[in-house]
Amino acid sequence: MSLPTLFIPHGAGPCFFMDWARGPADTWEPTAAWLKGLVADLPQRPKAILVVSGHWEETVFTVGSSPKPPMLFDYYGFPEETYRLRFDAPGSPALARRVRELLSASGITNAEDSQRGYDHGVFVPLLLSTPQADIPVVQLSLRQDLDPEAHLAAGRALRPLRDEGVLIVGSGMSWHNMGGFSPAFTGKSRAFDTWLGAAIANPATRDAALRGWDRAPHAREAHPREEHLAPLFVAAGAAEGEPGRVAFADVAMNVALSGYEFGKLAA
């Protein structure tokens, strides 16, 4: 059985682990609840998880190969307790080698990094999804140019992992404008979110739509720079020709946010 691929909103910094995250309904409780059920609701438990985070970019696709990745607290100005979070899931040098093998077989230049730790695009959502940290996790970088076709192609190359028990997760945000979390952007975020949900749903036109994502309504207000959208391209590419659906939708901090699933029809 093939695992689906996922694109998840990883929230704002360590938002799920702060007191204000338990406040009004327009904060992060629904997102946290969805992330908590993410792995439990899969058709089978993954043997490993490959995460493409919006917080790691390199000149070529680069895979983390440490057997025990450290924590990388790449957020700033948050409460002191959020710098004591621990996510001790093991890495997997074997999976890192397999990722490189698949990318190379498709002619995609790649590298590895044996030192880099889990950034918050990895450890923040997975602390909710896999709190026991008992599933090996490997991180794959974005390519710095953020070219949609290059990231779709990387996803296509990694498609066999789904038959090998590896869950492929793109971790970013469907809306990521740091100055655009206010009521002035609610309607614009809904328009972009509606377009994106429709774009991912049709496998026949999905790749073309994502290659031209910046022509969508309010696209550059949603993503002044698309590093938090690019993980979606990889997740979609790894399920080319297969169904896509909106698996989660909410309004948080006044903007519409969604998560997506590819390769498995809704029940």
# chains A, B, ... in the order shown; residues from 1 in each chain; ligands from 1
>>> residues_around(residues="Arg190 (chain A)", least_positions_apart="5", cutoff="12 Å", atoms="only C-alpha atoms", output="list in words")
Ser174, Trp175, Pro183, Ala184, Phe185, Trp195, Leu196, Gly197, Ala216, Pro217, His218, Ala219, Glu221, Ala222, Ala249, Asp250, Val251, Ala252, Asn254, Val255, Ala256, Leu257 and Ser258 of chain A
>>> write_last_selection(atoms="N, CA, C and O atoms", output="mmCIF file, in the first residue's frame")
data_model
loop_
_atom_site.group_PDB
_atom_site.id
_atom_site.type_symbol
_atom_site.label_atom_id
_atom_site.label_comp_id
_atom_site.auth_asym_id
_atom_site.auth_seq_id
_atom_site.Cartn_x
_atom_site.Cartn_y
_atom_site.Cartn_z
ATOM 1 N N SER A 174 0.191 27.687 3.637
ATOM 2 C CA SER A 174 -0.491 28.043 2.404
ATOM 3 C C SER A 174 -0.603 29.558 2.246
ATOM 4 O O SER A 174 -0.794 30.055 1.136
ATOM 5 N N TRP A 175 -0.483 30.291 3.327
ATOM 6 C CA TRP A 175 -0.395 31.762 3.324
ATOM 7 C C TRP A 175 0.791 32.132 4.194
ATOM 8 O O TRP A 175 0.880 31.719 5.342
ATOM 9 N N PRO A 183 -7.281 41.501 9.577
ATOM 10 C CA PRO A 183 -8.569 41.442 8.874
ATOM 11 C C PRO A 183 -8.514 41.996 7.455
ATOM 12 O O PRO A 183 -9.325 41.582 6.610
ATOM 13 N N ALA A 184 -7.571 42.883 7.178
ATOM 14 C CA ALA A 184 -7.453 43.441 5.832
ATOM 15 C C ALA A 184 -7.109 42.376 4.791
ATOM 16 O O ALA A 184 -7.334 42.581 3.590
ATOM 17 N N PHE A 185 -6.585 41.232 5.257
ATOM 18 C CA PHE A 185 -6.149 40.182 4.340
ATOM 19 C C PHE A 185 -7.067 38.954 4.354
ATOM 20 O O PHE A 185 -6.803 37.993 3.645
ATOM 21 N N TRP A 195 -8.380 29.206 -4.724
ATOM 22 C CA TRP A 195 -7.668 28.861 -5.958
ATOM 23 C C TRP A 195 -6.748 27.663 -5.733
ATOM 24 O O TRP A 195 -6.714 26.733 -6.546
ATOM 25 N N LEU A 196 -6.000 27.683 -4.634
ATOM 26 C CA LEU A 196 -5.029 26.627 -4.397
ATOM 27 C C LEU A 196 -5.719 25.287 -4.182
ATOM 28 O O LEU A 196 -5.263 24.251 -4.703
ATOM 29 N N GLY A 197 -6.826 25.280 -3.454
ATOM 30 C CA GLY A 197 -7.565 24.035 -3.259
ATOM 31 C C GLY A 197 -8.070 23.455 -4.566
ATOM 32 O O GLY A 197 -8.015 22.241 -4.782
ATOM 33 N N ALA A 216 -2.095 33.345 -9.605
ATOM 34 C CA ALA A 216 -3.330 33.133 -8.852
ATOM 35 C C ALA A 216 -3.768 34.434 -8.182
ATOM 36 O O ALA A 216 -2.968 35.364 -8.009
ATOM 37 N N PRO A 217 -5.039 34.534 -7.782
ATOM 38 C CA PRO A 217 -5.502 35.739 -7.090
ATOM 39 C C PRO A 217 -4.687 36.018 -5.828
ATOM 40 O O PRO A 217 -4.531 35.143 -4.976
ATOM 41 N N HIS A 218 -4.136 37.219 -5.756
ATOM 42 C CA HIS A 218 -3.391 37.685 -4.581
ATOM 43 C C HIS A 218 -2.177 36.812 -4.263
ATOM 44 O O HIS A 218 -1.744 36.705 -3.109
ATOM 45 N N ALA A 219 -1.603 36.201 -5.281
ATOM 46 C CA ALA A 219 -0.515 35.245 -5.061
ATOM 47 C C ALA A 219 0.668 35.876 -4.344
ATOM 48 O O ALA A 219 1.204 35.305 -3.390
ATOM 49 N N GLU A 221 0.723 38.511 -2.545
ATOM 50 C CA GLU A 221 0.389 38.920 -1.177
ATOM 51 C C GLU A 221 0.385 37.701 -0.265
ATOM 52 O O GLU A 221 0.744 37.787 0.911
ATOM 53 N N ALA A 222 -0.020 36.554 -0.799
ATOM 54 C CA ALA A 222 0.028 35.311 -0.022
ATOM 55 C C ALA A 222 1.459 34.890 0.250
ATOM 56 O O ALA A 222 1.797 34.439 1.357
ATOM 57 N N ALA A 249 -8.766 22.862 6.810
ATOM 58 C CA ALA A 249 -8.945 24.281 6.495
ATOM 59 C C ALA A 249 -9.375 25.018 7.750
ATOM 60 O O ALA A 249 -10.174 24.505 8.548
ATOM 61 N N ASP A 250 -8.855 26.218 7.916
ATOM 62 C CA ASP A 250 -9.185 27.014 9.094
ATOM 63 C C ASP A 250 -8.886 28.474 8.781
ATOM 64 O O ASP A 250 -8.272 28.793 7.744
ATOM 65 N N VAL A 251 -9.304 29.340 9.669
ATOM 66 C CA VAL A 251 -8.889 30.740 9.654
ATOM 67 C C VAL A 251 -8.139 30.981 10.949
ATOM 68 O O VAL A 251 -8.689 30.791 12.046
ATOM 69 N N ALA A 252 -6.874 31.340 10.854
ATOM 70 C CA ALA A 252 -6.031 31.594 12.023
ATOM 71 C C ALA A 252 -5.366 32.948 11.861
ATOM 72 O O ALA A 252 -4.850 33.264 10.792
ATOM 73 N N ASN A 254 -6.665 35.657 11.394
ATOM 74 C CA ASN A 254 -7.429 36.404 10.383
ATOM 75 C C ASN A 254 -7.216 35.969 8.945
ATOM 76 O O ASN A 254 -7.746 36.608 8.034
ATOM 77 N N VAL A 255 -6.461 34.891 8.695
ATOM 78 C CA VAL A 255 -6.255 34.469 7.314
ATOM 79 C C VAL A 255 -6.598 32.990 7.155
ATOM 80 O O VAL A 255 -6.461 32.194 8.083
ATOM 81 N N ALA A 256 -7.032 32.650 5.936
ATOM 82 C CA ALA A 256 -7.364 31.268 5.622
ATOM 83 C C ALA A 256 -6.089 30.462 5.438
ATOM 84 O O ALA A 256 -5.150 30.898 4.772
ATOM 85 N N LEU A 257 -6.056 29.281 6.050
ATOM 86 C CA LEU A 257 -4.923 28.358 5.958
ATOM 87 C C LEU A 257 -5.448 26.961 5.666
ATOM 88 O O LEU A 257 -6.500 26.574 6.191
ATOM 89 N N SER A 258 -4.708 26.210 4.872
ATOM 90 C CA SER A 258 -5.143 24.851 4.541
ATOM 91 C C SER A 258 -3.988 23.867 4.569
ATOM 92 O O SER A 258 -2.819 24.252 4.463
#
>>> select_by_dssp(residues="region 109-226 of chain A", states="helix (DSSP H, G or I)", output="ChimeraX atom specification")
/A:120-129,148-157,159-164,183-201,206-211,213-215,219-222,226
>>> residues_around(residues="region 74-86 of chain A", least_positions_apart="4", cutoff="7 Å", atoms="only C-alpha atoms", output="number ranges by chain")
A: 13-14, 17, 119-120
>>> closest_residue(among="A:Met253, A:Leu232, A:Ala89, A:Val52", to="Ile135 (chain A)", atoms="only C-alpha atoms")
A:Ala89
>>> closest_residue(among="A:Pro30, A:Gly155, A:Pro9, A:Pro203", to="Ile108 (chain A)", atoms="only C-alpha atoms")
A:Gly155
>>> closest_residue(among="A:Tyr118, A:Phe262, A:Phe248, A:Phe181", to="Thr27 (chain A)", atoms="only C-alpha atoms")
A:Phe181
>>> residues_around(residues="Phe87 (chain A)", least_positions_apart="2", cutoff="9 Å", atoms="only C-alpha atoms", output="list in words")
Pro70, Met71, Leu85, Ala89, Tyr118, Phe123, Val124, Leu126, Leu127, Pro131, Gln132 and Ala133 of chain A
>>> atom_distance(atom1="CA of Gly64 (chain A)", atom2="CA of Lys47 (chain A)")
17.0 Å
>>> atom_distance(atom1="CA of Val122 (chain A)", atom2="CA of Ala235 (chain A)")
14.9 Å
>>> closest_residue(among="A:Pro136, A:Pro93, A:Gly165, A:Gly187", to="Pro43 (chain A)", atoms="only C-alpha atoms")
A:Gly165
>>> residues_around(residues="Tyr260 (chain A)", least_positions_apart="4", cutoff="6 Å", atoms="only C-alpha atoms", output="list in words")
Leu6, Phe7, Arg245, Val246 and Ala247 of chain A
>>> closest_residue(among="A:Ala105, A:Ile8, A:Leu35, A:Ala238", to="Asp163 (chain A)", atoms="only C-alpha atoms")
A:Ala238
>>> closest_residue(among="A:Arg159, A:His176, A:Arg45, A:Arg116", to="Leu229 (chain A)", atoms="only C-alpha atoms")
A:His176
>>> residues_around(residues="Glu112 (chain A)", least_positions_apart="6", cutoff="9 Å", atoms="only C-alpha atoms", output="PyMOL selection string")
chain A and resi 61-65+96-97+100+140
>>> write_last_selection(atoms="C-alpha atoms", output="PDB file, in the first residue's frame")
ATOM      1  CA  PHE A  61      18.637  19.652  -3.006  1.00  0.00           C
ATOM      2  CA  THR A  62      20.404  18.558   0.174  1.00  0.00           C
ATOM      3  CA  VAL A  63      19.423  15.748   2.507  1.00  0.00           C
ATOM      4  CA  GLY A  64      20.167  15.579   6.219  1.00  0.00           C
ATOM      5  CA  SER A  65      22.109  12.418   6.973  1.00  0.00           C
ATOM      6  CA  ALA A  96      19.197   9.737   3.287  1.00  0.00           C
ATOM      7  CA  ARG A  97      21.218   7.509   0.926  1.00  0.00           C
ATOM      8  CA  ARG A 100      20.092  10.737  -2.913  1.00  0.00           C
ATOM      9  CA  LEU A 140      15.326  17.447   2.611  1.00  0.00           C
TER      10      LEU A 140
END
>>> atom_distance(atom1="CA of Asn202 (chain A)", atom2="CA of Leu152 (chain A)")
15.2 Å
>>> select_by_dssp(residues="region 58-230 of chain A", states="strand (DSSP E)", output="list in words")
Glu58, Phe61, Thr62, Val63, Gly64, Asn110, Ala111, Glu112, Asp113, Val137, Val138, Gln139, Leu140, Ser141, Leu142, Arg143, Val166, Leu167, Ile168, Val169, Gly170, Ser171 and Gly172 of chain A
>>> residues_around(residues="Ala153 (chain A)", least_positions_apart="3", cutoff="12 Å", atoms="only C-alpha atoms", output="PyMOL selection string")
chain A and resi 61+102-109+143+147-150+156-159+207+211+230+233-240
>>> write_last_selection(atoms="N, CA and C atoms", output="PDB file, in the first residue's frame")
ATOM      1  N   PHE A  61      19.397  20.425  -3.997  1.00  0.00           N
ATOM      2  CA  PHE A  61      18.637  19.652  -3.006  1.00  0.00           C
ATOM      3  C   PHE A  61      19.626  18.921  -2.098  1.00  0.00           C
ATOM      4  N   LEU A 102      17.633   8.153  -5.481  1.00  0.00           N
ATOM      5  CA  LEU A 102      16.472   8.417  -6.323  1.00  0.00           C
ATOM      6  C   LEU A 102      16.613   9.746  -7.064  1.00  0.00           C
ATOM      7  N   LEU A 103      17.107  10.773  -6.378  1.00  0.00           N
ATOM      8  CA  LEU A 103      17.306  12.065  -7.041  1.00  0.00           C
ATOM      9  C   LEU A 103      18.347  11.932  -8.150  1.00  0.00           C
ATOM     10  N   SER A 104      19.433  11.257  -7.847  1.00  0.00           N
ATOM     11  CA  SER A 104      20.492  11.097  -8.851  1.00  0.00           C
ATOM     12  C   SER A 104      20.011  10.309 -10.051  1.00  0.00           C
ATOM     13  N   ALA A 105      19.194   9.281  -9.807  1.00  0.00           N
ATOM     14  CA  ALA A 105      18.681   8.471 -10.911  1.00  0.00           C
ATOM     15  C   ALA A 105      17.813   9.280 -11.857  1.00  0.00           C
ATOM     16  N   SER A 106      17.251  10.372 -11.362  1.00  0.00           N
ATOM     17  CA  SER A 106      16.445  11.261 -12.202  1.00  0.00           C
ATOM     18  C   SER A 106      17.249  12.447 -12.720  1.00  0.00           C
ATOM     19  N   GLY A 107      18.541  12.408 -12.526  1.00  0.00           N
ATOM     20  CA  GLY A 107      19.388  13.476 -13.031  1.00  0.00           C
ATOM     21  C   GLY A 107      19.332  14.749 -12.221  1.00  0.00           C
ATOM     22  N   ILE A 108      18.917  14.655 -10.978  1.00  0.00           N
ATOM     23  CA  ILE A 108      18.781  15.833 -10.122  1.00  0.00           C
ATOM     24  C   ILE A 108      20.007  15.950  -9.223  1.00  0.00           C
ATOM     25  N   THR A 109      20.748  17.015  -9.379  1.00  0.00           N
ATOM     26  CA  THR A 109      21.942  17.246  -8.564  1.00  0.00           C
ATOM     27  C   THR A 109      21.551  17.368  -7.107  1.00  0.00           C
ATOM     28  N   ARG A 143      15.438  23.782  -3.002  1.00  0.00           N
ATOM     29  CA  ARG A 143      16.487  24.358  -3.834  1.00  0.00           C
ATOM     30  C   ARG A 143      16.310  25.870  -3.822  1.00  0.00           C
ATOM     31  N   ASP A 147      12.304  27.118  -7.868  1.00  0.00           N
ATOM     32  CA  ASP A 147      11.648  26.861  -9.148  1.00  0.00           C
ATOM     33  C   ASP A 147      10.575  25.784  -8.987  1.00  0.00           C
ATOM     34  N   PRO A 148       9.319  26.086  -9.332  1.00  0.00           N
ATOM     35  CA  PRO A 148       8.265  25.094  -9.126  1.00  0.00           C
ATOM     36  C   PRO A 148       8.515  23.774  -9.853  1.00  0.00           C
ATOM     37  N   GLU A 149       8.944  23.831 -11.115  1.00  0.00           N
ATOM     38  CA  GLU A 149       9.145  22.596 -11.865  1.00  0.00           C
ATOM     39  C   GLU A 149      10.253  21.747 -11.259  1.00  0.00           C
ATOM     40  N   ALA A 150      11.326  22.382 -10.781  1.00  0.00           N
ATOM     41  CA  ALA A 150      12.412  21.624 -10.152  1.00  0.00           C
ATOM     42  C   ALA A 150      11.914  20.884  -8.916  1.00  0.00           C
ATOM     43  N   ARG A 156       8.541  13.877  -8.000  1.00  0.00           N
ATOM     44  CA  ARG A 156       8.350  12.721  -8.885  1.00  0.00           C
ATOM     45  C   ARG A 156       9.456  11.697  -8.683  1.00  0.00           C
ATOM     46  N   ALA A 157      10.689  12.171  -8.522  1.00  0.00           N
ATOM     47  CA  ALA A 157      11.816  11.255  -8.318  1.00  0.00           C
ATOM     48  C   ALA A 157      11.669  10.459  -7.027  1.00  0.00           C
ATOM     49  N   LEU A 158      11.054  11.072  -6.031  1.00  0.00           N
ATOM     50  CA  LEU A 158      10.951  10.440  -4.714  1.00  0.00           C
ATOM     51  C   LEU A 158       9.699   9.586  -4.556  1.00  0.00           C
ATOM     52  N   ARG A 159       8.888   9.509  -5.595  1.00  0.00           N
ATOM     53  CA  ARG A 159       7.638   8.740  -5.537  1.00  0.00           C
ATOM     54  C   ARG A 159       7.811   7.310  -5.015  1.00  0.00           C
ATOM     55  N   ASP A 207       0.009  20.193 -12.161  1.00  0.00           N
ATOM     56  CA  ASP A 207       1.387  20.640 -12.357  1.00  0.00           C
ATOM     57  C   ASP A 207       1.437  21.988 -13.069  1.00  0.00           C
ATOM     58  N   ARG A 211       2.946  25.385 -11.517  1.00  0.00           N
ATOM     59  CA  ARG A 211       4.041  26.095 -12.172  1.00  0.00           C
ATOM     60  C   ARG A 211       3.706  27.579 -12.358  1.00  0.00           C
ATOM     61  N   ALA A 230       6.818  26.210  -1.610  1.00  0.00           N
ATOM     62  CA  ALA A 230       7.591  25.236  -2.389  1.00  0.00           C
ATOM     63  C   ALA A 230       7.524  23.809  -1.836  1.00  0.00           C
ATOM     64  N   PHE A 233       5.012  21.814  -3.671  1.00  0.00           N
ATOM     65  CA  PHE A 233       5.356  21.316  -4.999  1.00  0.00           C
ATOM     66  C   PHE A 233       5.951  19.909  -4.915  1.00  0.00           C
ATOM     67  N   VAL A 234       6.798  19.679  -3.919  1.00  0.00           N
ATOM     68  CA  VAL A 234       7.416  18.363  -3.762  1.00  0.00           C
ATOM     69  C   VAL A 234       6.355  17.325  -3.408  1.00  0.00           C
ATOM     70  N   ALA A 235       5.482  17.664  -2.461  1.00  0.00           N
ATOM     71  CA  ALA A 235       4.427  16.726  -2.060  1.00  0.00           C
ATOM     72  C   ALA A 235       3.515  16.393  -3.233  1.00  0.00           C
ATOM     73  N   ALA A 236       3.188  17.402  -4.050  1.00  0.00           N
ATOM     74  CA  ALA A 236       2.334  17.168  -5.214  1.00  0.00           C
ATOM     75  C   ALA A 236       3.053  16.346  -6.272  1.00  0.00           C
ATOM     76  N   GLY A 237       4.328  16.640  -6.497  1.00  0.00           N
ATOM     77  CA  GLY A 237       5.085  15.894  -7.495  1.00  0.00           C
ATOM     78  C   GLY A 237       5.206  14.428  -7.168  1.00  0.00           C
ATOM     79  N   ALA A 238       5.281  14.115  -5.884  1.00  0.00           N
ATOM     80  CA  ALA A 238       5.409  12.720  -5.454  1.00  0.00           C
ATOM     81  C   ALA A 238       4.113  11.942  -5.599  1.00  0.00           C
ATOM     82  N   ALA A 239       3.041  12.629  -6.000  1.00  0.00           N
ATOM     83  CA  ALA A 239       1.759  11.965  -6.239  1.00  0.00           C
ATOM     84  C   ALA A 239       1.198  12.386  -7.597  1.00  0.00           C
ATOM     85  N   GLU A 240       2.097  12.539  -8.562  1.00  0.00           N
ATOM     86  CA  GLU A 240       1.674  12.975  -9.889  1.00  0.00           C
ATOM     87  C   GLU A 240       0.612  12.032 -10.453  1.00  0.00           C
TER      88      GLU A 240
END
